[in-house]
Each structure stands twice: as C-alpha cells, then as structure tokens.
Amino acid sequence: MSRPPSFTPPPGARAYTLRTARGEFAVVDSPVADGTAPRGTALLLPGFTGSKEDFNPLHEELGARGYRTIAVDGRGQYQSDGPEHDESAYAQAELARDVLAQAAALGTPVHLVGHSLGGQIARAAALLDHAPFRSLTLMASGPAQISVSQQQRVKLLRDALAVMGMAEVWEAIQAMEAPEETETGDLDAGLGDGEDLRRRWLGNKPAQLIATGRQLCTEPDRVAELAALPLPFHVLSGSSDDTWPVPLLDDMALRLRAHRTVVQGAEHSPNTDRPLETARAFADFWDRSAPGN
C-alpha cells in the first residue's frame with residue numbers, strides 16, 4: 001500500500017540547513033501559495049527510518065490553504081548530522097530539546113506534527129514546553145510501545161546494526177523483504193528499494209537507529225500527562241495500521257479529547273498513501289485551532 005516519497009521538493013519549496021541553538025538541521029521549507037492569506041506555520045517531524053521528504057506530497061495543498069510547512073530531518077537522520085556511535089545523543093529528551101530549538105529558530109508559534117516515532121518525540125517536546133506550539137497532531141503514532149510484531153522487526157534491525165555496516169544492512173533488508181514490502185516497510189516510510197531510498201538509508205547514523213528503535217519498543221504511556229496540557233490535539237491515522245492498532249489510536253484520541261481523523265485506504269503512512277486527504281485533514285484541524293475559533 002505505502003508508496004515511496006518523492007525526493008524532489010515541490011515547486012517553491014526550499015531545501016536548506018536550519019541553524020538553531022542546538023545545531024544545524026536539514027529542512028524542506030514550503031511557503032504559503034501566492035495570493036493566499038497566511039494562516040500559520042507547521043513543523044513536521046518524520047518517523048523511524050524516514051525523513052523530511054516523507055512530507056513532500058503535502059506541502060502544495062497546505063500552502064494553498066495558507067500554511068507554511070517546514071519538514072525536518074532529526075539529529076542523525078538522513079541529511080542532519082549527528083554522532084555515529086554515541087547513543088546518548090539520541091535520548092528522547094535530547095531529541096525533544098532539538099524540536100524546541102527548531103521551533104525557536106523559526107521565530108513563530110507552530111502547529112507541531114509528528115509521524116510515528118516523530119509523534120512520540122513531538123509529545124516529549126510538548127511535555128517539556130508547550131508554549132512554542134499552537135497545536136499537536138500525532139499521525140500514526142500511538143500511546144506507548146509499538147506492536148509486538150513491529151518490536152520483532154526493530155530487534156532484527158538493531159541486531160544487524162550491531163555487527164554489520166549500513167550498506168550491508170541495506171542489502172540484507174532488500175534480500176529479506178517480500179517484493180511488495182520493500183517499498184517502505186511496515187514500521188515507517190523508509191525501507192525502500194530505489195537509489196534515493198538507499199541514499200537516505202546510508203545517511204542515517206547507526207546510533208540514532210539503535211537508540212530510537214529502543215525507544216519505540218519501550219515507550220511508556222504518557223497520554224494522561226499530555227492530556228493535561230492546554231493544547232488542541234489531533235490524532236490522525238490510516239484505516240489500517242500494523243504498528244499501533246487503529247482501536248488503540250481511537251482510545252488515545254478519546255483520552256486526549258482530541259480531534260480524530262481516519263484516512264480511508266491509508267495504512268501507516270497516510271502522508272504518502274493518501275496525501276490530499278491527509279493535507280486537508282491537517283488544514284481543517286489547524287483552521288479550527290486558530291485563536292478565536
């Protein structure tokens with residue numbers, strides 16, 4: 001079902017390095033469409049093995065709705081640098097502080113969006129300091145650890161990274177996956193078979209994958225803490241998801257008193273499975289979250 005992302009930014013978007021108080025991060029920054037009144041800015045965090053390019057299909061529609069969108073590679077992810085082997089640099093609290101620094105560098109309150117692992121990092125950032133955020137959208141990102149089947153996949157990856165180089169692991173993934181699974185894998189967009197996807201894979205730092213993979217397998221339930229924040233919440237998912245079952249996401253939305261969107265025909269990556277419907281759902285929620293609405 002999931003399709004690989006395009007690695008070409010949409011018309012008008014810029015790929016550049018965002019300088020922050022915590023270092024430099026690669027971003028794709030897409031403006032509000034010409035002639036459209038600006039309505040806000042959104043910061044988009046990709047998932048495990050993914051990258052900022054996973055949001056390329058959304059930028060044009062969101063720009064047409066009045067939203068500037070900035071998708072970012074996290075520390076040690078694709079084109080953002082980070083330590084090769086120091087896992088402590090990728091502790092969740094460190095990654096959350098990176099998000100706060102990114103928001104500060106943009107200089108305006110942002111709608112925060114996190115896909116899968118990115119959602120858990122976004123949640124951690126909001127729990128550290130919710131002031132920079134106008135809203136929080138969790139896309140295909142659940143309340144705690146990932147499903148048992150996905151934990152097994154992550155363990156296989158972590159075991160391989162302990163004894164093999166990134167290029168060797170890539171080749172092993174390609175050899176092991178069924179043809180219909182090699183486009184993006186189940187966990188997050190990213191384990192595909194194109195040259196762009198191979199380049200992205202090789203750009204990831206092994207310590208980042210090991211540390212964040214462990215986080216996905218051990219994340220505690222922090223929904224009650226999150227629900228106490230004075231933020232509008234949005235839980236969006238596909239109609240099918242092997243990483244967090246959809247009923248679990250339904251329950252999380254209830255606990256957060258969140259707006260809930262289920263994108264029919266999408267799986268774990270609604271942004272690439274059904275980009276138009278996903279972008280419209282984001283913008284509709286942000287419109288309702290605007291001051292005075």
# chains A, B, ... in the order shown; residues from 1 in each chain; ligands from 1

call {"tool": "select_by_dssp", "arguments": {"residues": "range 43-163 of chain A", "states": "helix (DSSP H, G or I)", "output": "MDAnalysis selection string"}}
result
chainID A and resid 52:64 87:90 92:106 117:128 148:163

call {"tool": "select_by_dssp", "arguments": {"residues": "range 127-292 of chain A", "states": "strand (DSSP E)", "output": "list of chain:residue names"}}
result
A:Phe133, A:Arg134, A:Ser135, A:Leu136, A:Thr137, A:Leu138, A:Met139, A:Phe233, A:His234, A:Val235, A:Leu236, A:Ser237, A:Gly238, A:His259, A:Arg260, A:Thr261, A:Val262, A:Val263

call {"tool": "closest_residue", "arguments": {"among": "A:Ile173, A:Ile146, A:Ala89, A:Leu138", "to": "Asp241 in chain A", "atoms": "only C-alpha atoms"}}
result
A:Ile146

call {"tool": "residues_around", "arguments": {"residues": "range 91-102 of chain A", "least_positions_apart": "4", "cutoff": "8 Å", "atoms": "only C-alpha atoms", "output": "count of residues only"}}
result
18

call {"tool": "closest_residue", "arguments": {"among": "A:Gln174, A:Gln152, A:Thr218, A:Ser269", "to": "Leu197 in chain A", "atoms": "only C-alpha atoms"}}
result
A:Gln174

call {"tool": "atom_distance", "arguments": {"atom1": "CA of Arg200 in chain A", "atom2": "CA of Phe133 in chain A"}}
result
28.7 Å

call {"tool": "residues_around", "arguments": {"residues": "Leu254 in chain A", "least_positions_apart": "4", "cutoff": "12 Å", "atoms": "only C-alpha atoms", "output": "PyMOL selection string"}}
result
chain A and resi 143+223-224+227+233-235+247-250+258-260

call {"tool": "closest_residue", "arguments": {"among": "A:Ala33, A:Val262, A:Ala228, A:Leu127", "to": "Ala140 in chain A", "atoms": "only C-alpha atoms"}}
result
A:Val262

call {"tool": "closest_atom_pairs", "arguments": {"of": "range 11-95 of chain A", "to": "range 273-287 of chain A", "cutoff": "7 Å", "atoms": "only C-alpha atoms", "output": "tab-separated table"}}
result
residue	atom	partner	partner_atom	distance
A:Pro57	CA	A:Pro275	CA	5.8
A:Leu58	CA	A:Ala279	CA	5.4
A:Glu61	CA	A:Ala279	CA	6.3
A:Leu62	CA	A:Ala279	CA	6.0
A:Arg65	CA	A:Ala283	CA	6.7

call {"tool": "closest_atom_pairs", "arguments": {"of": "range 4-110 of chain A", "to": "range 164-170 of chain A", "cutoff": "12 Å", "atoms": "only C-alpha atoms", "output": "JSON lines"}}
result
{"residue": "A:Thr49", "atom": "CA", "partner": "A:Trp170", "partner_atom": "CA", "distance": 11.6}
{"residue": "A:Glu84", "atom": "CA", "partner": "A:Met166", "partner_atom": "CA", "distance": 11.1}
{"residue": "A:His85", "atom": "CA", "partner": "A:Gly165", "partner_atom": "CA", "distance": 11.9}

call {"tool": "residues_around", "arguments": {"residues": "Val148 in chain A", "least_positions_apart": "2", "cutoff": "12 Å", "atoms": "only C-alpha atoms", "output": "PyMOL selection string"}}
result
chain A and resi 144-146+150-155+187+216-218+242-245

call {"tool": "write_last_selection", "arguments": {"atoms": "N, CA and C atoms", "output": "JSON list (two decimals), in the first residue's frame"}}
result
[["chain", "number", "residue", "atom", "x", "y", "z"],
["A", 144, "ALA", "N", 2.00, 4.32, 23.45],
["A", 144, "ALA", "CA", 3.13, 3.69, 24.16],
["A", 144, "ALA", "C", 3.95, 2.91, 23.14],
["A", 145, "GLN", "N", 4.48, 1.74, 23.54],
["A", 145, "GLN", "CA", 5.37, 0.99, 22.66],
["A", 145, "GLN", "C", 4.62, 0.44, 21.45],
["A", 146, "ILE", "N", 5.38, 0.13, 20.41],
["A", 146, "ILE", "CA", 4.82, -0.40, 19.18],
["A", 146, "ILE", "C", 4.37, -1.85, 19.37],
["A", 150, "GLN", "N", 6.05, -5.49, 15.33],
["A", 150, "GLN", "CA", 6.99, -4.45, 14.92],
["A", 150, "GLN", "C", 8.20, -4.39, 15.86],
["A", 151, "GLN", "N", 8.00, -4.72, 17.13],
["A", 151, "GLN", "CA", 9.14, -4.82, 18.03],
["A", 151, "GLN", "C", 10.13, -5.88, 17.53],
["A", 152, "GLN", "N", 9.61, -6.96, 16.99],
["A", 152, "GLN", "CA", 10.48, -8.01, 16.46],
["A", 152, "GLN", "C", 11.27, -7.51, 15.27],
["A", 153, "ARG", "N", 10.63, -6.71, 14.40],
["A", 153, "ARG", "CA", 11.34, -6.14, 13.25],
["A", 153, "ARG", "C", 12.45, -5.20, 13.70],
["A", 154, "VAL", "N", 12.13, -4.37, 14.69],
["A", 154, "VAL", "CA", 13.13, -3.42, 15.18],
["A", 154, "VAL", "C", 14.30, -4.17, 15.83],
["A", 155, "LYS", "N", 14.01, -5.23, 16.57],
["A", 155, "LYS", "CA", 15.08, -6.01, 17.19],
["A", 155, "LYS", "C", 16.00, -6.61, 16.13],
["A", 187, "LEU", "N", 6.92, -0.40, 9.43],
["A", 187, "LEU", "CA", 7.06, 0.45, 10.61],
["A", 187, "LEU", "C", 6.94, 1.91, 10.27],
["A", 216, "LEU", "N", 11.12, 3.11, 20.63],
["A", 216, "LEU", "CA", 9.85, 2.63, 20.10],
["A", 216, "LEU", "C", 9.38, 1.36, 20.82],
["A", 217, "CYS", "N", 10.33, 0.55, 21.24],
["A", 217, "CYS", "CA", 9.99, -0.73, 21.87],
["A", 217, "CYS", "C", 9.74, -0.62, 23.37],
["A", 218, "THR", "N", 10.07, 0.51, 23.98],
["A", 218, "THR", "CA", 9.96, 0.65, 25.43],
["A", 218, "THR", "C", 9.18, 1.88, 25.87],
["A", 242, "ASP", "N", -0.38, -1.58, 11.26],
["A", 242, "ASP", "CA", 0.21, -2.72, 11.96],
["A", 242, "ASP", "C", 1.13, -2.29, 13.10],
["A", 243, "THR", "N", 1.45, -1.01, 13.18],
["A", 243, "THR", "CA", 2.39, -0.55, 14.19],
["A", 243, "THR", "C", 1.70, -0.23, 15.50],
["A", 244, "TRP", "N", 0.57, 0.45, 15.42],
["A", 244, "TRP", "CA", -0.35, 0.64, 16.55],
["A", 244, "TRP", "C", -1.75, 0.34, 16.02],
["A", 245, "PRO", "N", -2.45, -0.65, 16.54],
["A", 245, "PRO", "CA", -3.79, -0.96, 16.04],
["A", 245, "PRO", "C", -4.70, 0.26, 16.09]]

call {"tool": "atom_distance", "arguments": {"atom1": "CA of Val72 in chain A", "atom2": "CA of Gly114 in chain A"}}
result
10.5 Å

call {"tool": "closest_residue", "arguments": {"among": "A:Val32, A:Met252, A:Leu156, A:Ala103", "to": "Leu44 in chain A", "atoms": "only C-alpha atoms"}}
result
A:Ala103

call {"tool": "decode", "arguments": {"residues": "range 42-77 of chain A", "atoms": "N, CA, C and O atoms", "output": "PDB file, in the first residue's frame"}}
result
ATOM      1  N   ALA A  42       3.707  25.307  10.218  1.00  0.00           N
ATOM      2  CA  ALA A  42       3.724  23.955  10.787  1.00  0.00           C
ATOM      3  C   ALA A  42       5.112  23.368  10.702  1.00  0.00           C
ATOM      4  O   ALA A  42       5.829  23.544   9.708  1.00  0.00           O
ATOM      5  N   LEU A  43       5.504  22.657  11.754  1.00  0.00           N
ATOM      6  CA  LEU A  43       6.770  21.932  11.829  1.00  0.00           C
ATOM      7  C   LEU A  43       6.457  20.446  11.795  1.00  0.00           C
ATOM      8  O   LEU A  43       5.678  19.955  12.633  1.00  0.00           O
ATOM      9  N   LEU A  44       7.057  19.724  10.848  1.00  0.00           N
ATOM     10  CA  LEU A  44       6.692  18.339  10.560  1.00  0.00           C
ATOM     11  C   LEU A  44       7.871  17.415  10.863  1.00  0.00           C
ATOM     12  O   LEU A  44       8.957  17.571  10.288  1.00  0.00           O
ATOM     13  N   LEU A  45       7.648  16.431  11.737  1.00  0.00           N
ATOM     14  CA  LEU A  45       8.702  15.513  12.175  1.00  0.00           C
ATOM     15  C   LEU A  45       8.459  14.120  11.597  1.00  0.00           C
ATOM     16  O   LEU A  45       7.410  13.517  11.846  1.00  0.00           O
ATOM     17  N   PRO A  46       9.417  13.567  10.854  1.00  0.00           N
ATOM     18  CA  PRO A  46       9.231  12.247  10.256  1.00  0.00           C
ATOM     19  C   PRO A  46       9.442  11.113  11.253  1.00  0.00           C
ATOM     20  O   PRO A  46       9.852  11.330  12.400  1.00  0.00           O
ATOM     21  N   GLY A  47       9.187   9.909  10.769  1.00  0.00           N
ATOM     22  CA  GLY A  47       9.279   8.739  11.632  1.00  0.00           C
ATOM     23  C   GLY A  47      10.597   7.995  11.508  1.00  0.00           C
ATOM     24  O   GLY A  47      11.541   8.414  10.827  1.00  0.00           O
ATOM     25  N   PHE A  48      10.656   6.866  12.169  1.00  0.00           N
ATOM     26  CA  PHE A  48      11.822   5.979  12.200  1.00  0.00           C
ATOM     27  C   PHE A  48      12.167   5.525  10.785  1.00  0.00           C
ATOM     28  O   PHE A  48      11.295   5.029  10.054  1.00  0.00           O
ATOM     29  N   THR A  49      13.400   5.679  10.383  1.00  0.00           N
ATOM     30  CA  THR A  49      13.931   5.379   9.050  1.00  0.00           C
ATOM     31  C   THR A  49      13.364   6.294   7.969  1.00  0.00           C
ATOM     32  O   THR A  49      13.665   6.113   6.792  1.00  0.00           O
ATOM     33  N   GLY A  50      12.562   7.277   8.343  1.00  0.00           N
ATOM     34  CA  GLY A  50      12.021   8.214   7.372  1.00  0.00           C
ATOM     35  C   GLY A  50      12.865   9.466   7.273  1.00  0.00           C
ATOM     36  O   GLY A  50      14.007   9.525   7.728  1.00  0.00           O
ATOM     37  N   SER A  51      12.287  10.501   6.663  1.00  0.00           N
ATOM     38  CA  SER A  51      12.994  11.770   6.503  1.00  0.00           C
ATOM     39  C   SER A  51      11.993  12.857   6.147  1.00  0.00           C
ATOM     40  O   SER A  51      10.803  12.595   5.935  1.00  0.00           O
ATOM     41  N   LYS A  52      12.500  14.075   6.049  1.00  0.00           N
ATOM     42  CA  LYS A  52      11.669  15.229   5.712  1.00  0.00           C
ATOM     43  C   LYS A  52      10.938  15.040   4.395  1.00  0.00           C
ATOM     44  O   LYS A  52       9.842  15.591   4.198  1.00  0.00           O
ATOM     45  N   GLU A  53      11.507  14.250   3.478  1.00  0.00           N
ATOM     46  CA  GLU A  53      10.880  14.044   2.164  1.00  0.00           C
ATOM     47  C   GLU A  53       9.548  13.322   2.254  1.00  0.00           C
ATOM     48  O   GLU A  53       8.748  13.382   1.309  1.00  0.00           O
ATOM     49  N   ASP A  54       9.292  12.638   3.370  1.00  0.00           N
ATOM     50  CA  ASP A  54       8.017  11.940   3.516  1.00  0.00           C
ATOM     51  C   ASP A  54       6.834  12.899   3.488  1.00  0.00           C
ATOM     52  O   ASP A  54       5.694  12.474   3.257  1.00  0.00           O
ATOM     53  N   PHE A  55       7.088  14.184   3.741  1.00  0.00           N
ATOM     54  CA  PHE A  55       6.021  15.171   3.744  1.00  0.00           C
ATOM     55  C   PHE A  55       5.913  15.939   2.436  1.00  0.00           C
ATOM     56  O   PHE A  55       5.036  16.803   2.297  1.00  0.00           O
ATOM     57  N   ASN A  56       6.783  15.651   1.457  1.00  0.00           N
ATOM     58  CA  ASN A  56       6.726  16.377   0.188  1.00  0.00           C
ATOM     59  C   ASN A  56       5.342  16.356  -0.460  1.00  0.00           C
ATOM     60  O   ASN A  56       4.929  17.366  -1.040  1.00  0.00           O
ATOM     61  N   PRO A  57       4.591  15.238  -0.390  1.00  0.00           N
ATOM     62  CA  PRO A  57       3.288  15.240  -1.051  1.00  0.00           C
ATOM     63  C   PRO A  57       2.255  16.178  -0.417  1.00  0.00           C
ATOM     64  O   PRO A  57       1.188  16.389  -1.011  1.00  0.00           O
ATOM     65  N   LEU A  58       2.537  16.706   0.778  1.00  0.00           N
ATOM     66  CA  LEU A  58       1.552  17.522   1.490  1.00  0.00           C
ATOM     67  C   LEU A  58       1.747  19.017   1.295  1.00  0.00           C
ATOM     68  O   LEU A  58       0.810  19.806   1.495  1.00  0.00           O
ATOM     69  N   HIS A  59       2.954  19.441   0.942  1.00  0.00           N
ATOM     70  CA  HIS A  59       3.293  20.862   1.019  1.00  0.00           C
ATOM     71  C   HIS A  59       2.410  21.747   0.148  1.00  0.00           C
ATOM     72  O   HIS A  59       1.939  22.803   0.607  1.00  0.00           O
ATOM     73  N   GLU A  60       2.189  21.364  -1.096  1.00  0.00           N
ATOM     74  CA  GLU A  60       1.451  22.251  -2.002  1.00  0.00           C
ATOM     75  C   GLU A  60       0.025  22.491  -1.518  1.00  0.00           C
ATOM     76  O   GLU A  60      -0.457  23.629  -1.518  1.00  0.00           O
ATOM     77  N   GLU A  61      -0.652  21.430  -1.115  1.00  0.00           N
ATOM     78  CA  GLU A  61      -2.033  21.597  -0.644  1.00  0.00           C
ATOM     79  C   GLU A  61      -2.076  22.444   0.616  1.00  0.00           C
ATOM     80  O   GLU A  61      -2.962  23.307   0.766  1.00  0.00           O
ATOM     81  N   LEU A  62      -1.130  22.239   1.521  1.00  0.00           N
ATOM     82  CA  LEU A  62      -1.121  23.028   2.752  1.00  0.00           C
ATOM     83  C   LEU A  62      -0.759  24.487   2.466  1.00  0.00           C
ATOM     84  O   LEU A  62      -1.299  25.404   3.095  1.00  0.00           O
ATOM     85  N   GLY A  63       0.131  24.729   1.498  1.00  0.00           N
ATOM     86  CA  GLY A  63       0.429  26.094   1.093  1.00  0.00           C
ATOM     87  C   GLY A  63      -0.780  26.784   0.499  1.00  0.00           C
ATOM     88  O   GLY A  63      -1.009  27.983   0.736  1.00  0.00           O
ATOM     89  N   ALA A  64      -1.575  26.034  -0.258  1.00  0.00           N
ATOM     90  CA  ALA A  64      -2.788  26.598  -0.845  1.00  0.00           C
ATOM     91  C   ALA A  64      -3.832  26.938   0.217  1.00  0.00           C
ATOM     92  O   ALA A  64      -4.710  27.774  -0.013  1.00  0.00           O
ATOM     93  N   ARG A  65      -3.725  26.303   1.358  1.00  0.00           N
ATOM     94  CA  ARG A  65      -4.650  26.582   2.469  1.00  0.00           C
ATOM     95  C   ARG A  65      -4.111  27.671   3.398  1.00  0.00           C
ATOM     96  O   ARG A  65      -4.723  27.969   4.421  1.00  0.00           O
ATOM     97  N   GLY A  66      -2.933  28.214   3.093  1.00  0.00           N
ATOM     98  CA  GLY A  66      -2.398  29.312   3.878  1.00  0.00           C
ATOM     99  C   GLY A  66      -1.361  28.937   4.905  1.00  0.00           C
ATOM    100  O   GLY A  66      -1.014  29.760   5.761  1.00  0.00           O
ATOM    101  N   TYR A  67      -0.807  27.733   4.799  1.00  0.00           N
ATOM    102  CA  TYR A  67       0.137  27.263   5.809  1.00  0.00           C
ATOM    103  C   TYR A  67       1.536  27.074   5.229  1.00  0.00           C
ATOM    104  O   TYR A  67       1.726  26.351   4.248  1.00  0.00           O
ATOM    105  N   ARG A  68       2.506  27.749   5.845  1.00  0.00           N
ATOM    106  CA  ARG A  68       3.917  27.458   5.579  1.00  0.00           C
ATOM    107  C   ARG A  68       4.267  26.175   6.323  1.00  0.00           C
ATOM    108  O   ARG A  68       3.898  26.007   7.503  1.00  0.00           O
ATOM    109  N   THR A  69       4.958  25.268   5.654  1.00  0.00           N
ATOM    110  CA  THR A  69       5.282  23.979   6.261  1.00  0.00           C
ATOM    111  C   THR A  69       6.782  23.728   6.184  1.00  0.00           C
ATOM    112  O   THR A  69       7.399  23.890   5.121  1.00  0.00           O
ATOM    113  N   ILE A  70       7.352  23.324   7.319  1.00  0.00           N
ATOM    114  CA  ILE A  70       8.784  23.032   7.404  1.00  0.00           C
ATOM    115  C   ILE A  70       8.941  21.594   7.899  1.00  0.00           C
ATOM    116  O   ILE A  70       8.591  21.278   9.033  1.00  0.00           O
ATOM    117  N   ALA A  71       9.434  20.743   7.019  1.00  0.00           N
ATOM    118  CA  ALA A  71       9.720  19.348   7.386  1.00  0.00           C
ATOM    119  C   ALA A  71      11.207  19.228   7.684  1.00  0.00           C
ATOM    120  O   ALA A  71      12.040  19.801   6.974  1.00  0.00           O
ATOM    121  N   VAL A  72      11.538  18.467   8.719  1.00  0.00           N
ATOM    122  CA  VAL A  72      12.913  18.468   9.225  1.00  0.00           C
ATOM    123  C   VAL A  72      13.444  17.045   9.390  1.00  0.00           C
ATOM    124  O   VAL A  72      12.707  16.135   9.775  1.00  0.00           O
ATOM    125  N   ASP A  73      14.716  16.856   9.052  1.00  0.00           N
ATOM    126  CA  ASP A  73      15.425  15.635   9.435  1.00  0.00           C
ATOM    127  C   ASP A  73      15.931  15.814  10.855  1.00  0.00           C
ATOM    128  O   ASP A  73      16.624  16.799  11.154  1.00  0.00           O
ATOM    129  N   GLY A  74      15.611  14.889  11.739  1.00  0.00           N
ATOM    130  CA  GLY A  74      16.101  14.967  13.105  1.00  0.00           C
ATOM    131  C   GLY A  74      17.596  14.689  13.192  1.00  0.00           C
ATOM    132  O   GLY A  74      18.247  14.303  12.206  1.00  0.00           O
ATOM    133  N   ARG A  75      18.134  14.888  14.358  1.00  0.00           N
ATOM    134  CA  ARG A  75      19.561  14.638  14.604  1.00  0.00           C
ATOM    135  C   ARG A  75      19.929  13.217  14.162  1.00  0.00           C
ATOM    136  O   ARG A  75      19.289  12.240  14.540  1.00  0.00           O
ATOM    137  N   GLY A  76      20.962  13.104  13.314  1.00  0.00           N
ATOM    138  CA  GLY A  76      21.424  11.798  12.860  1.00  0.00           C
ATOM    139  C   GLY A  76      20.523  11.117  11.856  1.00  0.00           C
ATOM    140  O   GLY A  76      20.699   9.931  11.563  1.00  0.00           O
ATOM    141  N   GLN A  77      19.574  11.867  11.296  1.00  0.00           N
ATOM    142  CA  GLN A  77      18.588  11.312  10.372  1.00  0.00           C
ATOM    143  C   GLN A  77      18.833  11.894   8.976  1.00  0.00           C
ATOM    144  O   GLN A  77      18.765  13.112   8.792  1.00  0.00           O
TER     145      GLN A  77
END
